[in-house]
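final19.csv (CSV, C-alpha atoms and all ligand atoms) appears below.
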```
chain,number,residue,atom,x,y,z
A,743,MET,CA,171.9,120.9,146.9
A,744,THR,CA,173.3,124.4,146.9
A,745,ASP,CA,174.2,126.8,149.7
A,746,PRO,CA,172.1,129.9,149.1
A,747,ARG,CA,174.4,132.1,151.3
A,748,THR,CA,176.4,133.9,148.6
A,749,PRO,CA,178.0,137.1,149.9
A,750,ASP,CA,175.7,139.3,147.9
A,751,ARG,CA,172.6,137.5,148.9
A,752,SER,CA,173.6,137.5,152.6
A,753,ALA,CA,174.4,141.3,152.5
A,754,ALA,CA,171.0,142.0,150.9
A,755,ALA,CA,169.3,139.8,153.4
A,756,LEU,CA,171.0,141.7,156.3
A,757,ALA,CA,170.0,145.0,154.9
A,758,ALA,CA,166.3,143.9,154.6
A,759,LEU,CA,166.3,142.3,158.0
A,760,ALA,CA,167.7,145.5,159.6
A,761,GLU,CA,164.5,147.3,158.5
A,762,GLN,CA,162.0,144.6,159.4
A,763,THR,CA,159.7,145.4,162.4
A,764,ILE,CA,157.2,143.2,164.2
A,765,GLU,CA,154.3,144.6,166.3
A,766,LEU,CA,153.5,143.0,169.7
A,767,PRO,CA,150.1,142.6,171.2
A,768,SER,CA,149.6,144.1,174.7
A,769,TRP,CA,147.4,141.1,175.6
A,770,ALA,CA,150.4,138.8,175.3
A,771,PHE,CA,151.8,140.4,178.5
A,772,GLY,CA,148.7,139.8,180.6
A,773,ASN,CA,147.5,136.5,182.0
A,774,SER,CA,145.6,134.3,179.6
A,775,GLY,CA,144.3,130.8,179.5
A,776,THR,CA,141.6,128.5,178.1
A,777,ARG,CA,138.0,128.3,179.1
A,778,PHE,CA,139.2,125.7,181.6
A,779,LYS,CA,141.9,127.7,183.5
A,780,VAL,CA,143.9,130.9,183.5
A,781,PHE,CA,147.3,130.4,185.2
A,782,GLY,CA,148.7,133.5,186.8
A,783,GLN,CA,152.5,134.1,186.7
A,784,PRO,CA,154.7,136.1,189.0
A,785,GLY,CA,155.5,139.6,187.9
A,786,VAL,CA,152.8,139.9,185.2
A,787,ALA,CA,151.8,143.4,184.2
A,788,ARG,CA,148.9,145.0,186.1
A,789,ASP,CA,148.0,147.8,183.8
A,790,PRO,CA,148.7,149.1,180.2
A,791,PHE,CA,151.7,151.0,181.4
A,792,GLU,CA,153.3,147.9,182.7
A,793,LYS,CA,152.4,145.9,179.6
A,794,ILE,CA,154.2,148.5,177.5
A,795,GLU,CA,157.2,148.3,179.8
A,796,ASP,CA,157.3,144.5,179.1
A,797,ALA,CA,156.8,145.0,175.4
A,798,ALA,CA,159.7,147.4,175.5
A,799,GLN,CA,161.9,144.7,176.9
A,800,VAL,CA,161.2,142.6,173.8
A,801,HIS,CA,162.3,145.5,171.7
A,802,ARG,CA,165.3,146.2,173.8
A,803,PHE,CA,166.7,142.7,173.3
A,804,THR,CA,165.6,142.0,169.7
A,805,GLY,CA,165.7,145.5,168.2
A,806,ALA,CA,162.9,144.5,166.0
A,807,ALA,CA,159.7,145.1,167.9
A,808,PRO,CA,159.1,148.8,168.2
A,809,ARG,CA,155.3,148.9,168.3
A,810,VAL,CA,152.6,147.6,170.7
A,811,SER,CA,149.0,147.0,169.6
A,812,LEU,CA,146.3,147.9,172.2
A,813,HIS,CA,142.9,146.4,172.8
A,814,VAL,CA,140.0,148.6,173.8
A,815,PRO,CA,138.5,148.4,176.5
A,816,TRP,CA,141.2,146.2,178.0
A,817,ASP,CA,143.8,148.9,177.7
A,818,LEU,CA,141.7,151.9,178.5
A,819,VAL,CA,143.5,154.5,180.6
A,820,ASP,CA,142.5,158.0,181.7
A,821,ASP,CA,145.2,159.8,179.7
A,822,PHE,CA,146.3,158.2,176.4
A,823,GLY,CA,148.7,161.0,175.7
A,824,LYS,CA,150.5,159.9,178.9
A,825,LEU,CA,150.5,156.3,177.8
A,826,ALA,CA,151.9,157.2,174.3
A,827,ALA,CA,154.6,159.4,176.0
A,828,HIS,CA,155.4,156.5,178.4
A,829,ALA,CA,155.9,154.2,175.3
A,830,ALA,CA,158.1,156.8,173.6
A,831,ASP,CA,160.3,157.1,176.7
A,832,LEU,CA,160.8,153.4,176.5
A,833,GLY,CA,161.6,153.5,172.8
A,834,VAL,CA,158.4,152.0,171.5
A,835,SER,CA,155.2,153.4,170.0
A,836,ILE,CA,151.5,152.5,169.9
A,837,GLY,CA,150.5,150.3,167.0
A,838,ALA,CA,147.0,149.1,165.9
A,839,ILE,CA,144.0,149.8,168.1
A,840,ASN,CA,141.8,146.6,168.4
A,841,SER,CA,138.1,147.1,169.0
A,842,ASN,CA,136.2,144.6,171.1
A,843,LEU,CA,132.8,143.3,170.0
A,844,PHE,CA,132.9,140.1,171.9
A,845,GLN,CA,132.4,140.8,175.6
A,846,ASP,CA,129.1,142.7,175.9
A,847,ASP,CA,125.8,141.0,176.7
A,848,ASP,CA,124.1,143.1,174.0
A,849,TYR,CA,126.2,141.3,171.4
A,850,ARG,CA,124.7,137.8,172.0
A,851,LEU,CA,123.1,137.8,168.6
A,852,GLY,CA,125.7,140.0,166.9
A,853,SER,CA,127.2,143.5,167.0
A,854,LEU,CA,127.7,145.2,163.6
A,855,THR,CA,125.2,142.6,162.1
A,856,HIS,CA,122.7,142.6,164.9
A,857,PRO,CA,119.0,142.6,163.8
A,858,ASP,CA,118.4,145.5,166.2
A,859,GLU,CA,119.6,148.9,164.9
A,860,ALA,CA,120.2,150.2,168.4
A,861,VAL,CA,122.8,147.4,169.0
A,862,ARG,CA,124.5,148.1,165.7
A,863,ASP,CA,124.7,151.8,166.6
A,864,LYS,CA,126.3,150.9,169.9
A,865,ALA,CA,128.9,148.7,168.1
A,866,VAL,CA,129.7,151.5,165.6
A,867,ALA,CA,130.0,154.0,168.5
A,868,HIS,CA,132.6,151.8,170.1
A,869,HIS,CA,134.7,152.4,167.1
A,870,ALA,CA,134.4,156.2,167.5
A,871,GLN,CA,136.0,155.6,170.9
A,872,CYS,CA,138.8,153.6,169.3
A,873,VAL,CA,139.4,156.3,166.8
A,874,ASP,CA,139.7,158.8,169.6
A,875,VAL,CA,142.3,156.5,171.2
A,876,MET,CA,144.1,156.5,167.8
A,877,ARG,CA,144.2,160.3,167.6
A,878,ALA,CA,145.6,160.5,171.2
A,879,THR,CA,148.3,157.9,170.7
A,880,GLY,CA,149.3,158.5,167.1
A,881,SER,CA,148.0,155.1,165.9
A,882,THR,CA,147.0,154.8,162.3
A,883,ASP,CA,145.5,151.3,162.2
A,884,LEU,CA,142.0,150.4,163.5
A,885,LYS,CA,141.7,146.7,163.7
A,886,LEU,CA,138.4,145.1,163.7
A,887,TRP,CA,137.8,141.4,164.3
A,888,LEU,CA,134.1,140.6,163.9
A,889,PRO,CA,133.0,137.9,166.3
A,890,ASP,CA,129.5,137.9,164.9
A,891,GLY,CA,127.8,134.7,163.5
A,892,THR,CA,125.1,132.2,164.1
A,893,ASN,CA,124.9,128.8,165.6
A,894,TYR,CA,121.9,127.2,163.8
A,895,ALA,CA,120.7,127.2,160.3
A,896,GLY,CA,117.8,129.5,160.0
A,897,GLN,CA,118.7,131.4,163.2
A,898,ASP,CA,119.0,134.6,161.1
A,899,ASP,CA,119.0,135.6,157.5
A,900,LEU,CA,122.6,135.2,156.2
A,901,ARG,CA,122.2,137.8,153.5
A,902,ALA,CA,120.5,140.4,155.6
A,903,ARG,CA,123.4,140.1,158.1
A,904,GLN,CA,125.8,140.9,155.3
A,905,ASP,CA,123.8,143.9,154.3
A,906,ARG,CA,123.7,145.2,157.8
A,907,LEU,CA,127.4,144.5,158.1
A,908,ALA,CA,128.1,146.5,155.0
A,909,ASP,CA,126.1,149.4,156.3
A,910,SER,CA,127.8,149.3,159.8
A,911,LEU,CA,131.2,149.0,158.3
A,912,GLN,CA,130.6,152.1,156.1
A,913,GLN,CA,129.7,154.1,159.3
A,914,VAL,CA,132.9,152.8,161.0
A,915,TYR,CA,135.0,153.7,157.9
A,916,ALA,CA,133.5,157.2,157.8
A,917,LEU,CA,135.0,157.8,161.2
A,918,LEU,CA,138.6,157.5,160.0
A,919,ASP,CA,140.9,160.4,159.4
A,920,PRO,CA,142.9,160.6,156.2
A,921,GLY,CA,146.0,158.4,156.8
A,922,MET,CA,144.1,156.0,159.0
A,923,ARG,CA,143.4,152.5,157.9
A,924,LEU,CA,140.7,150.0,158.7
A,925,LEU,CA,142.1,146.4,159.1
A,926,LEU,CA,139.4,143.9,158.7
A,927,GLU,CA,140.1,140.4,160.1
A,928,TYR,CA,138.3,137.1,159.3
A,929,LYS,CA,137.9,133.8,161.1
A,930,PHE,CA,136.2,130.7,160.0
A,931,TYR,CA,134.6,129.6,163.2
A,932,GLU,CA,134.3,130.6,166.9
A,933,PRO,CA,132.7,132.0,168.9
A,934,TYR,CA,129.8,130.9,166.6
A,935,PHE,CA,129.8,127.6,164.8
A,936,TYR,CA,127.3,127.5,162.0
A,937,ALA,CA,128.2,130.6,160.1
A,938,MET,CA,130.6,133.4,161.0
A,939,ASP,CA,129.7,136.7,159.3
A,940,ILE,CA,133.3,137.3,158.1
A,941,PRO,CA,134.5,133.7,157.8
A,942,ASP,CA,137.1,134.1,155.1
A,943,TRP,CA,139.5,136.4,153.2
A,944,GLY,CA,137.0,136.7,150.3
A,945,THR,CA,134.3,138.1,152.5
A,946,SER,CA,136.7,140.4,154.2
A,947,LEU,CA,138.1,141.6,150.8
A,948,LEU,CA,134.6,142.2,149.4
A,949,HIS,CA,133.8,144.5,152.2
A,950,CYS,CA,137.1,146.2,152.0
A,951,LEU,CA,136.7,146.8,148.3
A,952,ALA,CA,133.3,148.3,148.9
A,953,LEU,CA,134.6,150.6,151.6
A,954,GLY,CA,137.6,152.1,149.8
A,955,GLU,CA,141.3,152.4,149.7
A,956,GLN,CA,141.8,152.7,153.4
A,957,ALA,CA,140.3,149.3,154.1
A,958,THR,CA,142.6,146.2,154.1
A,959,VAL,CA,142.4,142.6,155.2
A,960,VAL,CA,144.1,141.2,158.3
A,961,LEU,CA,145.3,137.6,157.9
A,962,ASP,CA,145.5,135.8,161.3
A,963,THR,CA,147.4,132.6,160.6
A,964,GLY,CA,145.3,130.7,163.1
A,965,HIS,CA,142.0,131.5,161.5
A,966,HIS,CA,141.8,128.9,158.7
A,967,ALA,CA,140.6,125.4,158.4
A,968,PRO,CA,143.3,122.8,158.7
A,969,GLY,CA,145.2,122.3,155.4
A,970,THR,CA,144.4,125.7,154.0
A,971,ASN,CA,147.1,127.0,151.8
A,972,ILE,CA,147.7,130.3,153.6
A,973,GLU,CA,150.5,131.5,151.4
A,974,PHE,CA,148.1,131.4,148.4
A,975,ILE,CA,145.9,133.9,150.3
A,976,VAL,CA,148.9,136.0,151.1
A,977,MET,CA,149.9,136.1,147.4
A,978,GLN,CA,146.3,136.9,146.3
A,979,LEU,CA,145.8,139.8,148.8
A,980,LEU,CA,149.2,141.2,147.8
A,981,ARG,CA,148.3,141.1,144.1
A,982,VAL,CA,145.3,143.4,144.8
A,983,GLY,CA,147.1,145.5,147.3
A,984,ARG,CA,144.8,144.7,150.2
A,985,LEU,CA,147.0,142.7,152.6
A,986,GLY,CA,147.0,145.2,155.5
A,987,ALA,CA,148.5,143.1,158.3
A,988,PHE,CA,149.2,139.7,159.7
A,989,ASP,CA,148.2,138.4,163.1
A,990,PHE,CA,151.0,135.8,163.5
A,991,ASN,CA,150.6,132.7,165.7
A,992,SER,CA,150.6,128.9,165.3
A,993,ARG,CA,147.8,126.4,165.4
A,994,TYR,CA,147.5,122.6,165.7
A,995,TYR,CA,143.7,122.4,166.0
A,996,GLY,CA,141.8,125.6,166.4
A,997,ASP,CA,142.7,129.2,167.0
A,998,ASP,CA,145.4,128.0,169.3
A,999,ASP,CA,147.4,131.3,169.5
A,1000,LEU,CA,150.7,129.5,170.1
A,1001,ILE,CA,154.1,130.9,169.3
A,1002,VAL,CA,154.4,131.7,165.6
A,1003,GLY,CA,156.6,129.2,163.8
A,1004,SER,CA,156.4,126.6,166.6
A,1005,ALA,CA,153.9,124.3,164.9
A,1006,ASP,CA,154.9,124.6,161.2
A,1007,PRO,CA,158.1,126.6,160.5
A,1008,PHE,CA,157.9,125.5,156.8
A,1009,GLN,CA,154.5,127.2,156.5
A,1010,LEU,CA,155.8,130.4,158.0
A,1011,PHE,CA,158.7,130.3,155.6
A,1012,ARG,CA,156.4,129.8,152.7
A,1013,ILE,CA,154.3,132.8,153.8
A,1014,MET,CA,157.4,135.0,154.1
A,1015,ASN,CA,158.6,133.7,150.8
A,1016,GLU,CA,155.5,135.2,149.1
A,1017,ILE,CA,156.1,138.4,151.0
A,1018,VAL,CA,159.7,138.7,149.8
A,1019,ALA,CA,158.7,137.6,146.3
A,1020,ALA,CA,156.2,140.5,146.1
A,1021,ASP,CA,158.7,142.9,147.7
A,1022,ALA,CA,156.3,143.5,150.5
A,1023,LEU,CA,158.9,143.3,153.3
A,1024,ARG,CA,159.7,147.0,152.7
A,1025,PRO,CA,158.6,149.1,155.7
A,1026,ASP,CA,156.5,151.2,153.4
A,1027,SER,CA,154.7,148.2,151.8
A,1028,GLY,CA,151.7,148.7,153.9
A,1029,VAL,CA,151.8,145.2,155.5
A,1030,ASN,CA,151.9,145.4,159.3
A,1031,PHE,CA,153.6,142.2,160.7
A,1032,MET,CA,151.8,141.8,164.0
A,1033,LEU,CA,151.7,139.0,166.6
A,1034,ASP,CA,148.4,137.8,168.0
A,1035,GLN,CA,149.4,135.3,170.6
A,1036,CYS,CA,148.7,134.2,174.2
A,1037,HIS,CA,151.3,132.6,176.4
A,1038,ASN,CA,149.2,130.5,178.7
A,1039,ILE,CA,151.9,128.4,180.3
A,1040,GLU,CA,155.2,129.8,179.2
A,1041,PRO,CA,156.7,133.1,180.5
A,1042,LYS,CA,155.4,136.0,178.4
A,1043,ILE,CA,158.4,138.2,177.6
A,1044,PRO,CA,160.6,135.3,176.6
A,1045,GLY,CA,157.6,133.9,174.7
A,1046,GLN,CA,157.4,137.1,172.7
A,1047,ILE,CA,161.2,137.2,172.2
A,1048,ARG,CA,161.0,133.7,170.8
A,1049,SER,CA,158.2,134.7,168.5
A,1050,VAL,CA,160.1,137.7,167.1
A,1051,LEU,CA,163.2,135.4,166.5
A,1052,ASN,CA,161.0,132.9,164.7
A,1053,VAL,CA,159.6,135.5,162.3
A,1054,GLN,CA,163.1,136.8,161.7
A,1055,GLU,CA,164.5,133.3,161.0
A,1056,ALA,CA,161.7,132.6,158.5
A,1057,THR,CA,162.2,136.0,156.9
A,1058,ALA,CA,166.0,135.5,156.6
A,1059,LYS,CA,165.4,132.1,154.9
A,1060,ALA,CA,163.0,133.6,152.5
A,1061,LEU,CA,165.5,136.4,151.7
A,1062,LEU,CA,168.1,133.8,150.9
A,1063,VAL,CA,166.0,132.0,148.2
A,1064,ASP,CA,168.0,132.0,144.9
A,1065,ARG,CA,165.3,133.8,142.9
A,1066,GLN,CA,167.2,133.5,139.6
A,1067,ALA,CA,167.6,129.8,139.9
A,1068,LEU,CA,164.0,129.5,141.1
A,1069,THR,CA,162.7,131.4,138.0
A,1070,ALA,CA,164.9,129.5,135.6
A,1071,ALA,CA,163.8,126.2,137.0
A,1072,GLN,CA,160.1,127.3,136.9
A,1073,GLN,CA,160.4,128.4,133.3
A,1074,SER,CA,162.2,125.3,132.2
A,1075,GLY,CA,159.7,123.1,133.9
A,1076,ASP,CA,162.3,121.6,136.3
A,1077,VAL,CA,159.9,120.8,139.1
A,1078,LEU,CA,162.5,119.4,141.5
A,1079,ALA,CA,165.0,122.2,141.0
A,1080,ALA,CA,162.3,124.8,141.6
A,1081,HIS,CA,161.2,123.1,144.8
A,1082,GLY,CA,164.8,122.6,145.7
A,1083,ALA,CA,165.5,126.4,145.5
A,1084,LEU,CA,163.0,126.8,148.3
A,1085,THR,CA,164.0,123.9,150.4
A,1086,ASP,CA,167.7,124.8,150.2
A,1087,ALA,CA,166.9,128.2,151.6
A,1088,PHE,CA,164.6,126.7,154.2
A,1089,SER,CA,167.3,124.2,155.3
A,1090,THR,CA,169.9,126.9,155.8
A,1091,ASP,CA,170.9,127.7,159.4
A,1092,VAL,CA,170.3,131.5,159.5
A,1093,ARG,CA,171.1,131.9,163.2
A,1094,PRO,CA,174.7,133.1,162.5
A,1095,LEU,CA,173.4,135.7,160.0
A,1096,LEU,CA,170.9,137.0,162.6
A,1097,ALA,CA,173.6,137.0,165.2
A,1098,GLU,CA,175.6,139.2,162.9
A,1099,LEU,CA,172.6,141.5,162.3
A,1100,ARG,CA,172.2,142.0,166.1
A,1101,GLU,CA,175.8,142.6,166.7
A,1102,SER,CA,175.8,145.2,164.0
A,1103,LYS,CA,173.0,147.0,165.9
A,1104,GLY,CA,174.9,146.7,169.2
A,1105,LEU,CA,172.6,144.0,170.5
A,1106,ASP,CA,173.5,140.7,172.2
A,1107,ALA,CA,173.6,138.0,169.6
A,1108,ASP,CA,171.2,135.9,171.7
A,1109,PRO,CA,168.3,138.1,172.8
A,1110,TYR,CA,166.7,135.2,174.7
A,1111,ALA,CA,169.7,134.6,176.9
A,1112,ALA,CA,170.4,138.3,177.3
A,1113,TYR,CA,166.9,138.9,178.6
A,1114,ALA,CA,167.3,136.0,181.0
A,1115,ARG,CA,170.5,137.5,182.4
A,1116,SER,CA,169.0,141.0,182.6
A,1117,GLY,CA,167.2,140.3,185.9
A,1118,HIS,CA,164.0,141.9,184.6
A,1119,ALA,CA,161.9,138.8,185.4
A,1120,GLU,CA,163.1,138.6,189.0
A,1121,ARG,CA,162.8,142.4,189.5
A,1122,THR,CA,159.1,142.5,188.3
A,1123,ALA,CA,158.3,139.4,190.3
A,1124,ARG,CA,159.6,141.2,193.4
A,1125,GLU,CA,158.2,144.6,192.7
A,1126,ARG,CA,154.8,144.0,191.1
A,1127,VAL,CA,152.9,143.0,194.2
A,1128,GLY,CA,149.4,144.1,195.0
A,1129,GLY,CA,146.9,145.2,192.5
A,1130,THR,CA,145.3,142.9,189.9
A,1131,GLN,CA,147.3,141.3,187.2
A,1132,ALA,CA,146.1,142.1,183.7
A,1133,SER,CA,144.2,139.3,182.1
A,1134,TRP,CA,142.7,138.5,178.7
A,1135,GLY,CA,139.2,139.9,179.1
A,1136,ALA,CA,140.0,142.2,182.0
B,1201,LIG,C1,140.4,137.0,168.1
B,1201,LIG,C2,141.1,137.7,167.0
B,1201,LIG,C3,141.6,139.1,167.3
B,1201,LIG,C4,142.2,139.2,168.7
B,1201,LIG,C5,141.3,138.5,169.7
B,1201,LIG,C6,141.9,138.6,171.1
B,1201,LIG,O1,140.3,135.7,167.9
B,1201,LIG,O2,142.2,136.9,166.6
B,1201,LIG,O3,142.6,139.5,166.4
B,1201,LIG,O4,142.2,140.6,169.0
B,1201,LIG,O5,141.1,137.2,169.4
B,1202,MN,MN,143.8,137.9,165.5
```
Hey, can you dump this file as structure tokens for me?
Amino acid sequence: MTDPRTPDRSAAALAALAEQTIELPSWAFGNSGTRFKVFGQPGVARDPFEKIEDAAQVHRFTGAAPRVSLHVPWDLVDDFGKLAAHAADLGVSIGAINSNLFQDDDYRLGSLTHPDEAVRDKAVAHHAQCVDVMRATGSTDLKLWLPDGTNYAGQDDLRARQDRLADSLQQVYALLDPGMRLLLEYKFYEPYFYAMDIPDWGTSLLHCLALGEQATVVLDTGHHAPGTNIEFIVMQLLRVGRLGAFDFNSRYYGDDDLIVGSADPFQLFRIMNEIVAADALRPDSGVNFMLDQCHNIEPKIPGQIRSVLNVQEATAKALLVDRQALTAAQQSGDVLAAHGALTDAFSTDVRPLLAELRESKGLDADPYAAYARSGHAERTARERVGGTQASWGA
């Protein structure tokens, strides 16, 4: 067993961590729940302006979360210029714009894949609205999760659905300005259970390759069958330059959207290890590290702070891997030494290193405790009365 924290490696890790940013989802700050119950919480944001205020708290205490993704239409406002200015005043900016193809009666049998061209046109037009929001807010990422699929064998022609999808996606892609990207997400089941139309990274990648350079894959860590080797997918997408973003969260059973790193911290470490090995942590690598989570029972701002800390911890451990020793062991066929190079890094307590990072940025070493002391939770519970709390699906 070796301690991977050499002075050089720690210094390099600190420098890389100082540059790392994590994007927060606006919907994490609204109420959410399961199909059984949505629990309200005191002080929850009532509109996109308040969601951004809450996201800015996460950035204020972690120094690592300067962007907020929006969901359209959940976050529609009259004046997006004003929303972007509000974000800038609070020290954050607008990140990816998520389209929504899963809450309209017309989409019962699909949206971009629907047999009826009029429905497909409507779903494409929704993305024109999203691109307008991008122009008004300075966002460069259009994120598309396709909820389309079928429940029964024979319900629709699987191949025809792919052809319609390719055609619809081309129309969406044509809406993009230069410098904008299309982030295409996949999910293996739900809301349909027989066949999703973009069930896996291969399908997403094929569509991205057909579209062009501005199309990349989104990997949501909760969207795979149990036991899937997610870091393999990360590696493969990085190899072909098409990993556009993560939606980070944890799962035990389905698309649980729990706090990232809570269910399987070793998996998160293995994912970040592939990122570091491919030098994809650099801010200009093109990989957007986003969270896609819902805090159904825990308080939302502390839940997001915890999530950012978990990503930072996994990243710090990945940065501490002794890559020379790892390569030497791999080349000499020393299986246990190679595995040990990873587990030594994973077993390292990186909290002191991260405390050092925060102090060097003038932040409290413990963002979670500093937020609790700030009085923000009590103030919003007192002041945010009346109106309707934001909710997943509102
Ligand atoms: C989907 C998918 C999308 C997210 C919605 C809320 O399952 O993960 O990324 O926008 O949920
Ligand atoms: Mn997602």
Produce a table with one row for each residue of range 785-877 of chain A that has an atom at most 10 Å from any atom of range 937-952 of chain A, each row naming the nearest atom pair and its distance in Å at one decimal; use all atoms listed in the file; arrange rows by chain and rising residue number; format as JSON lines.
```
{"residue": "A:Gly852", "atom": "CA", "partner": "A:Asp939", "partner_atom": "CA", "distance": 9.2}
{"residue": "A:Leu854", "atom": "CA", "partner": "A:Asp939", "partner_atom": "CA", "distance": 9.7}
{"residue": "A:Thr855", "atom": "CA", "partner": "A:Asp939", "partner_atom": "CA", "distance": 7.9}
```
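Distances from A:Asp745, A:Gly837, A:Tyr1110, A:Leu1084 to Pro1041 in chain A were compared using all atoms listed in the file, and the smallest one belongs to A:Tyr1110.
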Hey, which residues come within 8 Å of ligand LIG 1201 (chain B) if we count only C-alpha atoms and all ligand atoms? Could you give them as a ChimeraX atom specification?
/A:769,813,840-842,885-887,889,927,929,932,962,964-965,989,997,1034,1134
Given the selection you just returned, output its residues as a file containing C-alpha atoms, formatted as an mmCIF file, in the frame of the given file.
```cif
data_model
loop_
_atom_site.group_PDB
_atom_site.id
_atom_site.type_symbol
_atom_site.label_atom_id
_atom_site.label_comp_id
_atom_site.auth_asym_id
_atom_site.auth_seq_id
_atom_site.Cartn_x
_atom_site.Cartn_y
_atom_site.Cartn_z
ATOM 1 C CA TRP A 769 147.400 141.100 175.600
ATOM 2 C CA HIS A 813 142.900 146.400 172.800
ATOM 3 C CA ASN A 840 141.800 146.600 168.400
ATOM 4 C CA SER A 841 138.100 147.100 169.000
ATOM 5 C CA ASN A 842 136.200 144.600 171.100
ATOM 6 C CA LYS A 885 141.700 146.700 163.700
ATOM 7 C CA LEU A 886 138.400 145.100 163.700
ATOM 8 C CA TRP A 887 137.800 141.400 164.300
ATOM 9 C CA PRO A 889 133.000 137.900 166.300
ATOM 10 C CA GLU A 927 140.100 140.400 160.100
ATOM 11 C CA LYS A 929 137.900 133.800 161.100
ATOM 12 C CA GLU A 932 134.300 130.600 166.900
ATOM 13 C CA ASP A 962 145.500 135.800 161.300
ATOM 14 C CA GLY A 964 145.300 130.700 163.100
ATOM 15 C CA HIS A 965 142.000 131.500 161.500
ATOM 16 C CA ASP A 989 148.200 138.400 163.100
ATOM 17 C CA ASP A 997 142.700 129.200 167.000
ATOM 18 C CA ASP A 1034 148.400 137.800 168.000
ATOM 19 C CA TRP A 1134 142.700 138.500 178.700
#
```
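Proximity to Asp796 in chain A at 8 Å, evaluated using all atoms listed in the file and with sequence-adjacent residues fewer than 5 positions away removed, yields Phe771, Ala787 and Ile1043 of chain A.
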Can you spit out the residues from that selection as an mmCIF file, in the frame of the given file, using C-alpha atoms?
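In the end it all went to part09.cif:
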```cif
data_model
loop_
_atom_site.group_PDB
_atom_site.id
_atom_site.type_symbol
_atom_site.label_atom_id
_atom_site.label_comp_id
_atom_site.auth_asym_id
_atom_site.auth_seq_id
_atom_site.Cartn_x
_atom_site.Cartn_y
_atom_site.Cartn_z
ATOM 1 C CA PHE A 771 151.800 140.400 178.500
ATOM 2 C CA ALA A 787 151.800 143.400 184.200
ATOM 3 C CA ILE A 1043 158.400 138.200 177.600
#
```
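Shell of range 752-757 of chain A at 9 Å, with only C-alpha atoms counted and residues fewer than 2 places along the chain excluded, is Pro746, Arg747, Thr748, Pro749, Asp750, Leu759, Ala760, Glu761, Thr1057, Ala1058, Lys1059, Ala1060, Leu1061, Leu1062, Leu1095, Leu1096, Glu1098 and Leu1099 of chain A.
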Emit the selected residues as a tab-separated table (two decimals), in the frame of the given file, including C-alpha atoms.
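What ended up in result.tsv:
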```
chain	number	residue	atom	x	y	z
A	746	PRO	CA	172.10	129.90	149.10
A	747	ARG	CA	174.40	132.10	151.30
A	748	THR	CA	176.40	133.90	148.60
A	749	PRO	CA	178.00	137.10	149.90
A	750	ASP	CA	175.70	139.30	147.90
A	759	LEU	CA	166.30	142.30	158.00
A	760	ALA	CA	167.70	145.50	159.60
A	761	GLU	CA	164.50	147.30	158.50
A	1057	THR	CA	162.20	136.00	156.90
A	1058	ALA	CA	166.00	135.50	156.60
A	1059	LYS	CA	165.40	132.10	154.90
A	1060	ALA	CA	163.00	133.60	152.50
A	1061	LEU	CA	165.50	136.40	151.70
A	1062	LEU	CA	168.10	133.80	150.90
A	1095	LEU	CA	173.40	135.70	160.00
A	1096	LEU	CA	170.90	137.00	162.60
A	1098	GLU	CA	175.60	139.20	162.90
A	1099	LEU	CA	172.60	141.50	162.30
```
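Distance check against Gly1082 in chain A using all atoms listed in the file: of A:Val1063, A:Ala870, A:Leu818, A:Ala865, the minimum falls on A:Val1063.
A straight line drawn from CA of Arg1065 in chain A to CA of Arg751 in chain A is 10.1 Å long.
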